[in-house]
Amino acid sequence: MTSALSPAMDVLNRVFGYPDFRGSQRDIIEHVIGGGDALVLMPTGGGKSLCYQIPALVRPGTGVVISPLIALMQDQVDALRTLGVRAGFLNSTQDRSERQVVEAEFVNGELDLLYVAPEGLGVANTQRLLDRGKISLFAIDEAHCVSQWGHDFRPDYLGLSMLHERWPDVPRIALTATATSATRTEIATRLQLTDARHFTQSFDRPNIQYRIAPKNEPRKQLLDLLRSEHPGDSGIVYCLSRASVDKTAEFLAQNGIPALPYHAGLDSRVRAANQSRFLREDGLVMVATIAFGMGIDKPDVRFVAHLDLPKSVEGYYQETGRAGRDGQPSTAWLAYGLQDVVQQRKMIESSDGDAAHRRNASQHLDAMLALCETVTCRRAQLLAYFGQRDEAGSCGNCDTCLAPPESWDGTVPAQKLLSTVLRLQRERGQKFGAGQSIDILLGKQTDKVQQFRHDELKVFGIGADLRDQEWRGVVRQLLAAGYLAVEGEYGTLVLTETSAEVLRGGVKVMMRREAPQQRVRTPRTRAGASPAAAAPDFPAEAAPDFERLRAWRAATAKEQGVPAYVI
Ligand code: ADP
Ligand code: MG
Ligand code: ZN
């Protein structure tokens, strides 16, 4: 290397105003400038955009960016234009004359970057248009959307394999923040990125404190958290339904916390206004469905709270990853209860799609439940999910590290519970939700117990040694471990293929004991890291290998005679 500034560094400094590259940005950018294909796996906030923006500025022609985030294209393009980058976009929100302006700019070679929606590329007109200009590269952002087994599938992404067929000489860079090694292989295959170099960065976000609390009164718990630990902070609260978003935003506002709602049911102007206030003002809380956040870049989000269970670890990681992009200590807090498990299982069961899709959704959920029920370090488990090993084994900062949950041998209660479900089914031909089984075990003479004469069952009252709350924990953990399942509209409990192992005494069921008043107060960064450290640097890591890790967990669990979720 000569001492002269490389063109990439020059653009980084002069156009974007940053002194240095982060993580593997430099390698990726040099590779793409040289005309190579790349598949980039980098956590949210890692700085993926520069990986295609800089090569597009250095190489002759226009960089064509395919992104599913139509709602954000205007903002992204505006932000680039303020930096003096010649950027434009084409999507369905524009009228004919707006499109014509952008098309002319592209054809005349007046654009450095052109953002297009994936569905646009399927249109012959757009393809002909692209033939009339000079393309420097294709960037496929949020590339996991091509994966049919992922959590965010967009059918239009499947058509993107034609990029390589139609423009074989144009380098392509695919980028994503969420991909296990299986998804990565799928992305490479579907996009025909066979010769692409893979770049993978660490998923560790040491400044985020991960906490998962038992859900009792979620809104009140949230309010306590915000008042005691995050007064005046900006943050995001995720809820599953629009109704719950509205209610929660109202609840917070009534209690003196400036909160705004965001969901697809709101008028698009209200949505845009709320989003821009959140980005610009300090100390606002955005209460939203997961429709909010993809591509949102606000450095000082101090907390991300989930009032409902995310559908997958990928989703959880991506959503919590919006906290603490400035590297300062931040909280990822999730309230998790039995009702979440029941609700999500029901949603999967009643979803469209074939059995394979339901099985896939169910596996995603299982991994999320295992993270909730783990008795070991949350961060280590999260990294393990992405195939990365945490050197220390425990981070010293998450809730399970700071207040290690006691684990106990729950085999006998598990057998009692499963036996109740079995007897209801065998002796009475009945299925009930968790509440009824628990009432039976506790020996409660409720109306429903008397109506069905469940007090005559042999299991009636044999579970009086545990409290109602503890039984709910047992049910939740059995569901998380797959020893029990729910079905149907009413979320009735049913046995699974592995229930018999527990009933036979073939496996030991280790359970997490809930410390009722368990509280983690001070967010800290992990030992050794300075709390005031600047934006986290994500070192390049070996490619995650989720399959291998899963196999390892299963083998270790078997060896120790415990369910896999405790490993
Ligand atoms: P991603 O797409 O990976 O989630 P972005 O590309 O949106 O991340 O970048 C996240 C933030 O990091 C942006 O504010 C961006 O300007 C900033 N950033 C990216 N690269 C650098 C760098 N080399 N130095 C400083 N800030 C950077
Ligand atoms: Mg991005
Ligand atoms: Zn930990």
# chains A, B, ... in the order shown; residues from 1 in each chain; ligands from 1
>>> residues_near_ligand(ligand="ligand 1", cutoff="10 Å", atoms="only C-alpha atoms and all ligand atoms", output="ChimeraX atom specification")
/A:9,12-13,16-26,40-53,76,141-142,175-177,294-299,318,321-322,325-326,534-537
>>> residues_near_ligand(ligand="ligand 3", cutoff="10 Å", atoms="only C-alpha atoms and all ligand atoms", output="mmCIF file with N, CA and C atoms, in the first residue's frame")
data_model
loop_
_atom_site.group_PDB
_atom_site.id
_atom_site.type_symbol
_atom_site.label_atom_id
_atom_site.label_comp_id
_atom_site.auth_asym_id
_atom_site.auth_seq_id
_atom_site.Cartn_x
_atom_site.Cartn_y
_atom_site.Cartn_z
ATOM 1 N N PRO A 206 -22.022 -5.926 23.630
ATOM 2 C CA PRO A 206 -21.718 -5.954 25.071
ATOM 3 C C PRO A 206 -22.394 -4.852 25.884
ATOM 4 N N GLN A 209 -27.851 -4.836 28.062
ATOM 5 C CA GLN A 209 -28.148 -5.758 29.156
ATOM 6 C C GLN A 209 -29.447 -6.495 28.824
ATOM 7 N N TYR A 210 -29.351 -7.804 28.690
ATOM 8 C CA TYR A 210 -30.529 -8.603 28.332
ATOM 9 C C TYR A 210 -31.249 -9.066 29.586
ATOM 10 N N ARG A 211 -32.544 -8.813 29.637
ATOM 11 C CA ARG A 211 -33.348 -9.237 30.792
ATOM 12 C C ARG A 211 -34.695 -9.770 30.353
ATOM 13 N N THR A 376 -28.850 -20.276 32.228
ATOM 14 C CA THR A 376 -27.484 -19.769 32.050
ATOM 15 C C THR A 376 -27.513 -18.390 31.396
ATOM 16 N N CYS A 377 -26.343 -17.862 31.111
ATOM 17 C CA CYS A 377 -26.201 -16.501 30.585
ATOM 18 C C CYS A 377 -27.012 -16.281 29.300
ATOM 19 N N ARG A 378 -27.844 -15.257 29.311
ATOM 20 C CA ARG A 378 -28.661 -14.956 28.123
ATOM 21 C C ARG A 378 -27.778 -14.580 26.924
ATOM 22 N N ARG A 379 -26.759 -13.765 27.176
ATOM 23 C CA ARG A 379 -25.927 -13.326 26.062
ATOM 24 C C ARG A 379 -25.205 -14.512 25.437
ATOM 25 N N ALA A 380 -24.687 -15.395 26.302
ATOM 26 C CA ALA A 380 -23.973 -16.559 25.785
ATOM 27 C C ALA A 380 -24.926 -17.415 24.944
ATOM 28 N N GLN A 381 -26.153 -17.557 25.429
ATOM 29 C CA GLN A 381 -27.120 -18.374 24.696
ATOM 30 C C GLN A 381 -27.501 -17.726 23.368
ATOM 31 N N LEU A 382 -27.635 -16.405 23.387
ATOM 32 C CA LEU A 382 -27.970 -15.651 22.176
ATOM 33 C C LEU A 382 -26.851 -15.800 21.140
ATOM 34 N N ASP A 390 -19.269 -17.485 23.366
ATOM 35 C CA ASP A 390 -18.842 -16.399 24.238
ATOM 36 C C ASP A 390 -17.643 -16.904 25.025
ATOM 37 N N ALA A 392 -16.048 -16.012 27.676
ATOM 38 C CA ALA A 392 -16.148 -16.133 29.129
ATOM 39 C C ALA A 392 -17.210 -17.151 29.547
ATOM 40 N N GLY A 393 -18.152 -17.445 28.653
ATOM 41 C CA GLY A 393 -19.220 -18.370 29.014
ATOM 42 C C GLY A 393 -20.363 -17.662 29.722
ATOM 43 N N SER A 394 -20.061 -16.567 30.408
ATOM 44 C CA SER A 394 -21.131 -15.774 31.006
ATOM 45 C C SER A 394 -20.690 -14.318 30.994
ATOM 46 N N CYS A 395 -21.646 -13.424 30.784
ATOM 47 C CA CYS A 395 -21.283 -12.032 30.507
ATOM 48 C C CYS A 395 -21.185 -11.183 31.765
ATOM 49 N N GLY A 396 -21.783 -11.637 32.855
ATOM 50 C CA GLY A 396 -21.729 -10.866 34.088
ATOM 51 C C GLY A 396 -22.634 -9.648 34.065
ATOM 52 N N ASN A 397 -23.470 -9.522 33.062
ATOM 53 C CA ASN A 397 -24.296 -8.326 32.936
ATOM 54 C C ASN A 397 -25.776 -8.619 32.718
ATOM 55 N N CYS A 398 -26.113 -9.793 32.204
ATOM 56 C CA CYS A 398 -27.531 -10.073 31.945
ATOM 57 C C CYS A 398 -28.224 -10.470 33.251
ATOM 58 N N ASP A 399 -29.543 -10.620 33.205
ATOM 59 C CA ASP A 399 -30.263 -10.932 34.443
ATOM 60 C C ASP A 399 -29.852 -12.275 35.046
ATOM 61 N N THR A 400 -29.648 -13.268 34.194
ATOM 62 C CA THR A 400 -29.302 -14.578 34.765
ATOM 63 C C THR A 400 -27.885 -14.594 35.338
ATOM 64 N N CYS A 401 -27.004 -13.744 34.802
ATOM 65 C CA CYS A 401 -25.661 -13.656 35.377
ATOM 66 C C CYS A 401 -25.699 -12.898 36.706
ATOM 67 N N LEU A 402 -26.476 -11.795 36.754
ATOM 68 C CA LEU A 402 -26.491 -10.964 37.953
ATOM 69 C C LEU A 402 -27.303 -11.596 39.086
ATOM 70 N N ALA A 403 -28.373 -12.275 38.725
ATOM 71 C CA ALA A 403 -29.192 -12.946 39.731
ATOM 72 C C ALA A 403 -29.470 -14.359 39.236
ATOM 73 N N PRO A 404 -28.480 -15.246 39.373
ATOM 74 C CA PRO A 404 -28.632 -16.579 38.773
ATOM 75 C C PRO A 404 -29.906 -17.254 39.259
ATOM 76 N N ARG A 526 -20.204 -5.179 30.278
ATOM 77 C CA ARG A 526 -19.557 -6.387 30.764
ATOM 78 C C ARG A 526 -18.213 -6.045 31.388
#
>>> residues_around(residues="A:His357", least_positions_apart="4", cutoff="12 Å", atoms="only C-alpha atoms", output="mmCIF file with N, CA and C atoms, in the first residue's frame")
data_model
loop_
_atom_site.group_PDB
_atom_site.id
_atom_site.type_symbol
_atom_site.label_atom_id
_atom_site.label_comp_id
_atom_site.auth_asym_id
_atom_site.auth_seq_id
_atom_site.Cartn_x
_atom_site.Cartn_y
_atom_site.Cartn_z
ATOM 1 N N SER A 147 -35.099 -15.819 2.064
ATOM 2 C CA SER A 147 -35.194 -17.142 2.669
ATOM 3 C C SER A 147 -36.640 -17.501 3.009
ATOM 4 N N GLN A 148 -37.102 -18.581 2.409
ATOM 5 C CA GLN A 148 -38.479 -18.990 2.661
ATOM 6 C C GLN A 148 -38.656 -19.531 4.061
ATOM 7 N N TRP A 149 -37.540 -19.924 4.679
ATOM 8 C CA TRP A 149 -37.632 -20.498 6.020
ATOM 9 C C TRP A 149 -37.308 -19.459 7.080
ATOM 10 N N GLY A 150 -36.965 -18.283 6.634
ATOM 11 C CA GLY A 150 -36.619 -17.234 7.581
ATOM 12 C C GLY A 150 -37.881 -16.635 8.188
ATOM 13 N N HIS A 151 -37.708 -15.546 8.926
ATOM 14 C CA HIS A 151 -38.848 -14.978 9.626
ATOM 15 C C HIS A 151 -39.405 -13.777 8.876
ATOM 16 N N PHE A 153 -39.825 -13.512 5.091
ATOM 17 C CA PHE A 153 -39.789 -13.849 3.669
ATOM 18 C C PHE A 153 -40.567 -12.848 2.798
ATOM 19 N N ILE A 348 -49.536 -20.034 15.231
ATOM 20 C CA ILE A 348 -48.840 -20.893 14.272
ATOM 21 C C ILE A 348 -49.806 -21.927 13.708
ATOM 22 N N GLU A 349 -50.587 -22.493 14.618
ATOM 23 C CA GLU A 349 -51.476 -23.559 14.194
ATOM 24 C C GLU A 349 -52.539 -23.076 13.224
ATOM 25 N N SER A 350 -53.012 -21.838 13.435
ATOM 26 C CA SER A 350 -54.084 -21.351 12.575
ATOM 27 C C SER A 350 -53.541 -20.558 11.389
ATOM 28 N N SER A 351 -52.206 -20.547 11.221
ATOM 29 C CA SER A 351 -51.644 -19.748 10.141
ATOM 30 C C SER A 351 -51.828 -20.442 8.787
ATOM 31 N N ASP A 352 -51.796 -19.648 7.732
ATOM 32 C CA ASP A 352 -51.835 -20.232 6.391
ATOM 33 C C ASP A 352 -50.501 -20.918 6.160
ATOM 34 N N GLY A 353 -50.417 -21.616 5.072
ATOM 35 C CA GLY A 353 -49.137 -22.254 4.768
ATOM 36 C C GLY A 353 -49.200 -23.730 5.115
ATOM 37 N N ALA A 361 -41.981 -22.419 11.748
ATOM 38 C CA ALA A 361 -42.369 -21.355 12.691
ATOM 39 C C ALA A 361 -42.263 -21.878 14.116
ATOM 40 N N SER A 362 -42.641 -23.131 14.275
ATOM 41 C CA SER A 362 -42.627 -23.727 15.594
ATOM 42 C C SER A 362 -41.197 -23.881 16.124
ATOM 43 N N GLN A 363 -40.276 -24.198 15.234
ATOM 44 C CA GLN A 363 -38.870 -24.299 15.653
ATOM 45 C C GLN A 363 -38.301 -22.937 16.033
ATOM 46 N N HIS A 364 -38.691 -21.921 15.267
ATOM 47 C CA HIS A 364 -38.256 -20.559 15.619
ATOM 48 C C HIS A 364 -38.749 -20.197 17.015
#
>>> residues_around(residues="A:Val170", least_positions_apart="6", cutoff="12 Å", atoms="only C-alpha atoms", output="count of residues only")
24
>>> residues_around(residues="A:Ile54", least_positions_apart="4", cutoff="7 Å", atoms="only C-alpha atoms", output="list in words")
Ala8, Val11, Ile29, Leu50 and Val58 of chain A
>>> select_by_dssp(residues="stretch 255-470 of chain A", states="strand (DSSP E or B)", output="list of chain:residue names")
A:Ala259, A:Leu260, A:Pro261, A:Tyr262, A:Val285, A:Met286, A:Val287, A:Ala288, A:Val301, A:Arg302, A:Phe303, A:Val304, A:Ala305, A:His306, A:Ser330, A:Thr331, A:Ala332, A:Trp333, A:Leu334, A:Ala335, A:Tyr336, A:Glu406, A:Ser407, A:Trp408, A:Asp409
>>> closest_residue(among="A:Lys458, A:Arg423, A:Lys215, A:Arg269", to="A:Gln339", atoms="only C-alpha atoms")
A:Lys215
>>> residues_around(residues="A:Asp455", least_positions_apart="6", cutoff="10 Å", atoms="only C-alpha atoms", output="PyMOL selection string")
chain A and resi 439-441+443-446+449+461
>>> closest_residue(among="A:Leu160, A:Val107, A:Val421, A:Met73", to="ligand 2", atoms="only C-alpha atoms and all ligand atoms")
A:Met73
